[in-house]
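structure.cif (mmCIF, C-alpha atoms and all ligand atoms) appears below.
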```cif
data_protein
loop_
_atom_site.label_atom_id
_atom_site.label_comp_id
_atom_site.auth_asym_id
_atom_site.auth_seq_id
_atom_site.Cartn_x
_atom_site.Cartn_y
_atom_site.Cartn_z
CA MET A 1 94.37 83.22 52.34
CA ARG A 2 97.33 83.14 54.72
CA ASP A 3 98.30 86.17 56.77
CA SER A 4 102.03 86.69 57.22
CA GLN A 5 101.84 86.33 61.02
CA HIS A 6 99.94 83.02 60.82
CA LEU A 7 97.39 84.29 63.34
CA ASN A 8 94.63 82.19 61.77
CA THR A 9 96.73 79.34 60.42
CA LYS A 10 95.43 75.90 61.39
CA LEU A 11 98.17 73.46 62.32
CA ILE A 12 98.27 69.79 61.39
CA GLY A 13 101.25 67.47 61.58
CA LEU A 14 102.90 64.15 62.18
CA ILE A 15 104.37 62.40 65.20
CA GLY A 16 106.77 59.48 64.90
CA HIS A 17 110.34 58.45 65.63
CA PRO A 18 112.39 58.61 63.49
CA ILE A 19 110.57 60.75 60.92
CA LYS A 20 113.41 61.62 58.54
CA GLN A 21 112.11 59.30 55.76
CA THR A 22 108.60 60.75 55.63
CA TYR A 23 107.01 62.43 52.60
CA SER A 24 103.84 63.39 54.47
CA PRO A 25 104.85 67.07 55.00
CA PHE A 26 105.53 67.37 51.26
CA ILE A 27 102.21 65.74 50.28
CA HIS A 28 100.06 67.77 52.68
CA ASN A 29 101.78 71.11 52.14
CA VAL A 30 101.47 70.69 48.34
CA ALA A 31 97.75 69.91 48.81
CA ILE A 32 97.41 72.97 51.08
CA GLU A 33 99.01 75.17 48.40
CA LEU A 34 96.79 73.72 45.67
CA THR A 35 93.57 74.14 47.65
CA LYS A 36 94.65 77.62 48.91
CA ILE A 37 93.69 77.01 52.53
CA ASP A 38 95.38 78.50 55.58
CA TYR A 39 96.85 75.32 57.05
CA LEU A 40 100.41 74.20 57.77
CA TYR A 41 101.64 70.60 58.20
CA LEU A 42 104.66 70.07 60.44
CA PRO A 43 106.64 66.93 61.38
CA PHE A 44 107.40 66.34 65.08
CA SER A 45 110.01 63.79 66.15
CA VAL A 46 108.54 62.19 69.29
CA PRO A 47 110.29 59.26 71.01
CA SER A 48 108.10 56.67 72.78
CA SER A 49 108.96 58.07 76.22
CA SER A 50 107.35 61.41 75.24
CA LEU A 51 104.25 60.11 73.45
CA LYS A 52 101.72 60.86 76.19
CA ASN A 53 103.04 64.38 76.78
CA ALA A 54 103.21 65.04 73.03
CA VAL A 55 99.57 64.03 72.51
CA ARG A 56 98.48 66.21 75.45
CA GLY A 57 100.62 69.06 74.11
CA LEU A 58 99.18 68.87 70.60
CA LEU A 59 95.68 68.89 72.08
CA ALA A 60 96.52 71.85 74.33
CA LEU A 61 97.97 73.77 71.38
CA GLY A 62 94.76 73.20 69.44
CA LEU A 63 96.08 71.28 66.41
CA LYS A 64 93.23 70.31 64.05
CA GLY A 65 94.72 66.85 63.90
CA PHE A 66 97.84 64.86 63.18
CA ASN A 67 99.23 61.72 61.60
CA VAL A 68 100.86 59.02 63.67
CA THR A 69 103.62 56.80 62.37
CA LEU A 70 106.04 54.19 63.71
CA PRO A 71 106.42 53.33 66.54
CA HIS A 72 103.24 54.96 67.95
CA LYS A 73 100.36 53.61 65.81
CA VAL A 74 99.12 51.15 68.46
CA LYS A 75 100.27 52.78 71.71
CA VAL A 76 98.58 56.11 70.90
CA ILE A 77 95.13 54.46 71.07
CA GLU A 78 95.07 54.66 74.87
CA TYR A 79 95.18 58.48 74.71
CA LEU A 80 92.16 58.82 72.37
CA SER A 81 88.46 59.33 73.14
CA GLN A 82 87.08 57.31 70.23
CA LEU A 83 88.11 55.10 67.30
CA SER A 84 86.62 54.69 63.83
CA GLU A 85 85.35 51.20 62.98
CA GLU A 86 88.40 50.57 60.74
CA ALA A 87 90.93 51.73 63.32
CA SER A 88 89.25 49.54 65.91
CA LEU A 89 89.27 46.43 63.66
CA ILE A 90 92.84 47.03 62.44
CA GLY A 91 94.03 47.84 65.96
CA ALA A 92 96.16 50.79 64.82
CA VAL A 93 95.72 54.51 64.17
CA ASN A 94 97.53 56.68 61.62
CA THR A 95 95.30 59.77 61.71
CA ILE A 96 93.86 61.70 64.65
CA VAL A 97 91.23 64.40 64.40
CA ASN A 98 90.75 66.96 67.17
CA GLU A 99 86.99 67.47 67.38
CA ASP A 100 86.55 70.29 69.90
CA GLY A 101 89.00 68.78 72.35
CA LYS A 102 88.02 65.16 71.71
CA LEU A 103 90.64 63.08 69.90
CA ILE A 104 89.20 60.60 67.37
CA GLY A 105 91.48 57.94 65.85
CA TYR A 106 91.23 56.73 62.24
CA ASN A 107 93.19 54.35 60.04
CA THR A 108 93.46 55.71 56.49
CA ASP A 109 96.10 53.16 55.38
CA ALA A 110 93.25 50.71 54.69
CA PHE A 111 91.61 53.29 52.40
CA GLY A 112 94.97 53.71 50.60
CA VAL A 113 95.24 49.95 50.10
CA THR A 114 91.62 49.56 48.95
CA GLU A 115 91.77 52.42 46.46
CA SER A 116 95.16 51.29 45.09
CA LEU A 117 93.78 47.78 44.47
CA ALA A 118 90.26 48.72 43.31
CA PRO A 119 91.11 49.25 39.60
CA HIS A 120 92.46 45.66 39.48
CA LYS A 121 89.67 44.04 41.50
CA SER A 122 88.29 41.75 38.79
CA LYS A 123 91.68 40.03 38.44
CA PHE A 124 92.05 38.86 42.04
CA ALA A 125 88.78 39.18 44.00
CA ASN A 126 87.55 35.82 45.35
CA LYS A 127 90.91 34.23 44.43
CA GLU A 128 94.04 33.24 46.36
CA VAL A 129 96.31 36.14 47.33
CA ALA A 130 99.69 36.46 49.07
CA VAL A 131 100.74 39.02 51.67
CA ILE A 132 104.44 39.18 52.58
CA GLY A 133 105.11 40.65 56.03
CA ALA A 134 103.03 40.66 59.20
CA GLY A 135 103.74 44.07 60.73
CA GLY A 136 101.54 47.13 61.15
CA SER A 137 100.92 47.77 57.46
CA ALA A 138 100.08 44.09 56.88
CA ASN A 139 97.18 44.55 59.32
CA ALA A 140 95.72 47.33 57.16
CA VAL A 141 96.29 45.25 54.01
CA VAL A 142 94.63 42.14 55.47
CA PHE A 143 91.68 44.20 56.75
CA SER A 144 91.20 45.77 53.31
CA LEU A 145 91.42 42.40 51.52
CA ILE A 146 88.88 40.71 53.80
CA ARG A 147 86.49 43.66 53.87
CA ASN A 148 86.54 44.59 50.16
CA PHE A 149 87.89 41.77 48.02
CA LYS A 150 86.68 38.53 49.68
CA PRO A 151 89.82 36.45 48.99
CA LYS A 152 89.46 32.67 48.78
CA LYS A 153 92.70 32.29 50.75
CA ILE A 154 95.30 34.69 52.15
CA HIS A 155 98.80 33.20 52.13
CA LEU A 156 100.59 35.14 54.86
CA ILE A 157 104.37 34.91 54.44
CA ASN A 158 106.66 36.24 57.14
CA ARG A 159 110.24 35.89 58.39
CA THR A 160 108.96 35.32 61.94
CA GLU A 161 106.25 32.69 61.74
CA GLN A 162 104.93 33.45 65.23
CA ARG A 163 104.17 37.05 64.29
CA ALA A 164 102.17 35.83 61.29
CA GLU A 165 100.26 33.42 63.55
CA THR A 166 99.41 36.28 65.90
CA LEU A 167 98.02 38.33 63.01
CA VAL A 168 95.99 35.33 61.81
CA GLN A 169 94.46 34.72 65.25
CA TYR A 170 93.64 38.42 65.52
CA PHE A 171 91.69 38.53 62.24
CA LYS A 172 90.07 35.13 62.80
CA THR A 173 88.60 36.57 65.99
CA LYS A 174 87.91 40.14 64.82
CA MET A 175 86.63 39.51 61.28
CA LYS A 176 85.73 35.80 61.37
CA PHE A 177 88.00 35.10 58.38
CA ASP A 178 89.20 31.52 58.27
CA GLY A 179 91.09 31.32 54.96
CA PHE A 180 94.67 32.01 56.13
CA VAL A 181 97.69 29.84 55.30
CA VAL A 182 100.89 30.83 57.11
CA HIS A 183 104.32 30.36 55.46
CA GLU A 184 107.78 31.05 56.76
CA LEU A 185 109.67 33.31 54.35
CA ILE A 186 112.42 30.78 53.65
CA GLN A 187 110.12 27.91 52.77
CA PRO A 188 111.30 26.25 49.52
CA ASP A 189 107.82 25.78 48.04
CA LEU A 190 107.14 29.53 48.20
CA ILE A 191 107.43 29.93 44.43
CA SER A 192 104.63 27.44 43.71
CA THR A 193 102.48 29.15 46.38
CA LEU A 194 103.09 32.56 44.80
CA ASN A 195 102.42 31.17 41.32
CA LYS A 196 98.89 30.14 42.27
CA CYS A 197 98.05 33.55 43.78
CA LYS A 198 96.65 36.31 41.57
CA LEU A 199 97.84 39.12 43.82
CA ILE A 200 101.16 39.46 45.70
CA ILE A 201 101.69 42.32 48.15
CA ASN A 202 104.97 43.24 49.82
CA THR A 203 104.38 44.91 53.20
CA THR A 204 107.99 44.64 54.42
CA PRO A 205 110.47 47.54 54.13
CA ILE A 206 112.86 45.45 52.00
CA GLY A 207 114.05 47.38 48.94
CA MET A 208 113.55 50.80 50.55
CA PHE A 209 116.22 53.46 49.88
CA PRO A 210 119.19 53.17 50.38
CA GLU A 211 118.99 49.33 50.14
CA THR A 212 117.54 49.49 46.64
CA ASP A 213 119.30 46.32 45.40
CA ASP A 214 117.33 44.16 47.86
CA ALA A 215 114.02 42.47 47.12
CA ILE A 216 111.89 40.34 49.46
CA ILE A 217 111.45 37.78 46.64
CA THR A 218 114.54 37.44 44.45
CA SER A 219 113.46 34.81 41.93
CA PRO A 220 111.68 36.13 38.83
CA ASP A 221 110.04 32.68 38.60
CA ALA A 222 107.72 33.72 41.43
CA PHE A 223 105.92 36.06 39.02
CA THR A 224 103.78 35.49 35.92
CA ARG A 225 101.81 37.71 33.54
CA GLU A 226 98.65 36.72 35.48
CA HIS A 227 99.85 38.56 38.60
CA ILE A 228 99.01 41.91 40.13
CA VAL A 229 102.04 42.84 42.26
CA PHE A 230 101.86 45.66 44.82
CA ASP A 231 104.82 47.02 46.80
CA LEU A 232 104.09 49.27 49.79
CA VAL A 233 107.68 50.57 49.62
CA TYR A 234 107.52 54.04 48.01
CA ASN A 235 111.19 55.02 47.65
CA PRO A 236 112.31 54.17 45.01
CA ILE A 237 109.01 54.29 43.13
CA GLN A 238 109.96 51.26 41.01
CA THR A 239 111.56 48.84 43.46
CA LYS A 240 113.62 45.81 42.52
CA PHE A 241 110.65 43.64 43.59
CA LEU A 242 108.38 45.47 41.11
CA ASN A 243 111.02 45.35 38.37
CA LEU A 244 111.36 41.56 38.77
CA ALA A 245 107.56 41.23 38.55
CA LYS A 246 107.44 43.46 35.46
CA SER A 247 110.18 41.40 33.78
CA LYS A 248 107.71 38.49 33.82
CA GLY A 249 104.81 40.55 32.49
CA ALA A 250 102.99 41.14 35.80
CA GLU A 251 100.97 44.32 36.38
CA VAL A 252 102.49 46.40 39.17
CA ILE A 253 101.24 48.97 41.68
CA ASP A 254 103.80 51.18 43.45
CA GLY A 255 103.67 52.46 47.04
CA THR A 256 103.47 56.17 46.17
CA ARG A 257 99.87 55.73 45.01
CA MET A 258 98.87 54.33 48.42
CA LEU A 259 100.89 57.01 50.18
CA VAL A 260 98.96 59.81 48.46
CA LEU A 261 95.60 58.02 48.80
CA GLN A 262 95.95 57.44 52.54
CA ALA A 263 97.05 61.07 52.91
CA SER A 264 94.04 62.25 50.88
CA LYS A 265 91.68 60.61 53.37
CA SER A 266 93.47 62.24 56.33
CA PHE A 267 93.38 65.62 54.54
CA GLU A 268 89.64 65.26 54.01
CA LEU A 269 89.09 64.35 57.68
CA TRP A 270 90.97 67.46 58.85
CA THR A 271 89.86 70.05 56.27
CA GLY A 272 86.60 68.71 54.84
CA LEU A 273 88.16 69.19 51.38
CA GLN A 274 89.11 66.73 48.66
CA MET A 275 92.84 66.52 48.02
CA PRO A 276 93.70 67.08 44.33
CA ILE A 277 95.07 63.53 44.19
CA ASP A 278 96.51 63.40 40.67
CA GLU A 279 98.34 66.73 40.98
CA VAL A 280 99.79 65.80 44.36
CA TYR A 281 100.76 62.34 43.06
CA HIS A 282 102.66 63.82 40.12
CA SER A 283 104.40 66.40 42.32
CA LEU A 284 105.47 63.62 44.69
CA GLN A 285 106.83 61.45 41.89
CA HIS A 286 108.80 64.42 40.59
CA PHE A 287 110.12 65.19 44.11
CA ILE A 288 111.22 61.56 44.73
CA ASN A 289 112.92 61.30 41.34
CA GLU A 290 114.84 64.60 41.74
P1 LIG B 301 106.66 46.87 60.69
O1 LIG B 301 105.42 46.90 61.51
O2 LIG B 301 107.97 47.14 61.32
O3 LIG B 301 106.71 45.42 59.95
C1 LIG B 301 107.77 45.07 59.14
C2 LIG B 301 107.56 43.69 58.52
O4 LIG B 301 108.66 43.46 57.64
C3 LIG B 301 107.55 42.53 59.50
O5 LIG B 301 106.71 41.52 59.03
C4 LIG B 301 109.01 42.05 59.47
O6 LIG B 301 109.16 40.67 59.72
C5 LIG B 301 109.35 42.28 58.02
N1 LIG B 301 110.80 42.48 57.86
C6 LIG B 301 111.53 43.54 58.32
N2 LIG B 301 112.83 43.37 57.99
C7 LIG B 301 112.91 42.18 57.32
C8 LIG B 301 113.98 41.46 56.72
N3 LIG B 301 115.23 41.94 56.73
N4 LIG B 301 113.71 40.29 56.11
C9 LIG B 301 112.44 39.81 56.08
N5 LIG B 301 111.38 40.43 56.62
C10 LIG B 301 111.60 41.63 57.23
O7 LIG B 301 106.55 47.91 59.47
P2 LIG B 301 105.22 48.41 58.72
O8 LIG B 301 104.62 49.55 59.46
O9 LIG B 301 104.37 47.25 58.40
O10 LIG B 301 105.86 49.04 57.39
C11 LIG B 301 106.45 48.22 56.42
C12 LIG B 301 106.77 49.03 55.16
O11 LIG B 301 105.58 49.51 54.56
C13 LIG B 301 107.67 50.24 55.41
O12 LIG B 301 108.64 50.32 54.38
C14 LIG B 301 106.71 51.41 55.29
O13 LIG B 301 107.36 52.58 54.83
C15 LIG B 301 105.75 50.88 54.24
N6 LIG B 301 104.45 51.54 54.29
C16 LIG B 301 104.03 52.16 53.18
C17 LIG B 301 102.80 52.80 53.16
C18 LIG B 301 102.35 53.48 51.90
O14 LIG B 301 101.42 54.31 51.99
N7 LIG B 301 102.89 53.17 50.75
C19 LIG B 301 102.00 52.83 54.32
C20 LIG B 301 102.46 52.15 55.46
C21 LIG B 301 103.69 51.52 55.43
P3 LIG B 301 109.36 40.09 61.22
O15 LIG B 301 107.97 39.93 61.76
O16 LIG B 301 110.07 38.81 61.01
O17 LIG B 301 110.18 41.12 61.98
#
```

Hey, can you dump this file as structure tokens for me?
Amino acid sequence: MRDSQHLNTKLIGLIGHPIKQTYSPFIHNVAIELTKIDYLYLPFSVPSSSLKNAVRGLLALGLKGFNVTLPHKVKVIEYLSQLSEEASLIGAVNTIVNEDGKLIGYNTDAFGVTESLAPHKSKFANKEVAVIGAGGSANAVVFSLIRNFKPKKIHLINRTEQRAETLVQYFKTKMKFDGFVVHELIQPDLISTLNKCKLIINTTPIGMFPETDDAIITSPDAFTREHIVFDLVYNPIQTKFLNLAKSKGAEVIDGTRMLVLQASKSFELWTGLQMPIDEVYHSLQHFINE
């Protein structure tokens, strides 16, 4: 139970810049309420120039741990004592645990991706899949696909081809995966490429509020009823990209599921407790739709 002066309250939080769009404080504080523990999750807006001081400060203040979001997920690694295997292979950290003054970095985005996709595994495992985008979240997606779903090929589609090539070289070296095909986003044969994939994942921010009329793929012909289509964008819950896919009979997975799942892993790392995932998920959906 909480005391009114917070003398025993354990602090957790988030550093990023900007952090106005985040739902993490909502998710974690709802989970804290539901599990009745004396924790508090706070967002801290930290520009890149203050990252080192902020990490030192959070350590000095004795936070149990914190999330890390854009633009710090890679840079923060140099201030940590140790990395989990996933964080090390992905090359980015989104969760830090303070273990008696030692900061350990984890990447729970990969867990969020894996658990979001797991119920649909039989439909796309060992088949060709498409990943659109080659930024930080694409790294977690590609790691999860290679590690858990053994794709025959990963078609990596990105606006900037060079960035996709960099990601490909990284995973060829780190995970010995050789099944990448890189495509520039504007390529005219993209529809036939997408048609032969069983899974299509959008890892770009296109379609995110307030630009809800945008979609990274605008032709409904890209989608068929054979597809699983996953959008990492979580606001709105049903993006235009997912609505186009649904109009062709595809099965869709929205980004809020991953958001709660990755948070549940962080919550467990900090508190040792399971997050009540379904209750938190429904609260979040209600909050976003308000
Ligand atoms: P990032 O590292 O900045 O990467 C963004 C990617 O999107 C890059 O590949 C970029 O292409 C592409 N892109 C950006 N603007 C574009 C445009 N106008 N047209 C075409 N491509 C464009 O971002 P990130 O960390 O990967 O995050 C991406 C999205 O995933 C965000 O919306 C984030 O909120 C979401 N996300 C969701 C979850 C979840 O739990 N649901 C978790 C993590 C992230 P270039 O290489 O050409 O710049």

All residues having an atom within 8 Å of ligand LIG 301 (chain B) (all atoms listed in the file) as number ranges by chain
A: 69-70, 109, 112-113, 132-139, 158-164, 185, 202-206, 208, 216, 231-234, 254-262

Leaving out Ile200 (chain A) and any residue of its chain fewer than 3 positions from it, which residues lie within 9 Å of it when counting all atoms listed in the file, given as a PyMOL selection string?
chain A and resi 129-132+194+197+223+227-231

Do you know which residues lie at most 10 Å from (97.9, 63.3, 67.1), with coordinates as in the file and only C-alpha atoms counted, and could you write them as a PyMOL selection string?
chain A and resi 12-16+51+54-59+63-69+72+76+79-80+93-98+103-105

Residue nearest Ser84 (chain A) among A:Thr108, A:Ser116, A:Asn243, A:Ser24 (counting only C-alpha atoms)
A:Thr108

Can you list, as a list in words, every protein, DNA or RNA residue that comes within 12 Å of Ser88 (chain A) when you count all atoms listed in the file, leaving out same-chain residues fewer than 6 positions away?
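Returned residues: Lys73, Val74, Ile77, Glu78, Leu80, Gln82, Asn94, Ile104, Gly105, Tyr106, Asn107, Ala110, Asn139, Ala140, Phe143, Tyr170, Phe171, Lys174 and Met175 of chain A.
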
Quick one, how far is CA of Ser247 (chain A) from CA of Phe124 (chain A)?
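Rounded to one decimal, the two atoms are 20.1 Å apart.
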
Rounded to one decimal place, report the CA of Leu244 (chain A)-CA of Ser192 (chain A) distance in Å.
16.4 Å
